[in-house]
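Undergrad: There's a structure below that I have some questions on.
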Amino acid sequence: MRTLTDLEIIESVLRGNINDFSTLISRYKNRAFSLLLKMLRNRMEAEEALQDSFMKAYNNLHSFRKESSFGTWFYRIVYNTGLTRLNSRSHKAERQLDSIEEFENTDSFRYEEGNGSVNEILHELIEKLPFNYRMVITLYYINGYNCAEVAELTKNSESNVKVILHRARTALKDKISLLNLEKELI
């Protein structure tokens, strides 16, 4: 039995076979949840945002234009839902300032041999990045999007995404250097 494409599933759902939408949910829930968890840093809030994202996608499925893939369209909904939740939190500016100060404070994370795997250390350092750096790094390296797709999702230009990637990598290299981890991470 062949696997249905996203477009075939969408057409089926639009014809009234609403149960077919569960196939799309199964295909996209893990990456979408991962993105929301990175954005919101709260499991319960990420789960709620994921449900909201799927509801928005379902309710707006009729407006999906086949100019891009369903995945790109859906992840844009997910990203916007995450941003909306972030913007609705109180004291957003204070949190961003705290995030930047925490990242710049070398005492906020100390590497000790045996403190965790290289991946855990790297993820910890990524979590300390300012929001826009963290999101672009996550979309590009962890979720596997190319620069053009990251630009489309974040509504930045492709050249701006490349600049953010460069700055984020530089910031990570600086932190790695401060923690004397170069040998282990290279």
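Identifiers in the structure tokens: chain A, B, ... in order shown; residue index from 1 per chain; ligand index from 1 in order shown.
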Quick one: everything within 12 Å of range 20-27 of chain A, counting only C-alpha atoms, minus sequence neighbours fewer than 2 positions away in the same chain. Send it as a PyMOL selection string.
TA: chain A and resi 3-18+29-33+50-51+53-55+57-59+61+70-71+74
Undergrad: Fewer than 3 positions away in the same chain doesn't count, so skip those; otherwise give me all residues within 12 Å of Ala151 in chain A, counting only C-alpha atoms, as a list in words.
TA: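 Listed by chain and then number, they are Thr72, Arg76, Tyr79, Asn132, Met135, Val136, Leu139, Tyr140, Tyr145, Asn146, Cys147, Ala148, Thr154, Lys155, Asn156, Ser157, Glu158, Ser159, Asn160, Val161, Lys162, Val163, Ile164 and Leu165 of chain A.
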Undergrad: Counting only C-alpha atoms, figure out which residue out of A:Glu47, A:Arg85, A:Leu172, A:Glu152 gets nearest to Tyr133 in chain A.
TA: A:Leu172
Undergrad: Do you have the CA of Glu127 in chain A-CA of Arg41 in chain A distance handy?
TA: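 So the two atoms, CA of Glu127 in chain A and CA of Arg41 in chain A, lie 9.1 Å apart.
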Undergrad: What does the distance between CA of Asn80 in chain A and CA of Asp52 in chain A come to in Å, to one decimal place?
TA: 10.8 Å
Undergrad: Could you tell me how far CA of Asn42 in chain A lies from CA of Gly82 in chain A, in Å and to one decimal?
TA: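 Taking CA of Asn42 in chain A and CA of Gly82 in chain A, their separation equals 11.2 Å.
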Undergrad: Looking at only C-alpha atoms, which of A:Met39, A:Met44, A:Val150, A:Val78 is the one that sits closest to Arg134 in chain A?
TA: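 The answer is A:Met39, which sits nearest to Arg134 in chain A.
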Undergrad: Residues of chain A in alpha helix (DSSP H) according to DSSP, as a ChimeraX atom specification?
TA: /A:6-14,21-40,43-59,70-88,92-104,118-127,131-137,147-154,158-178,182-185
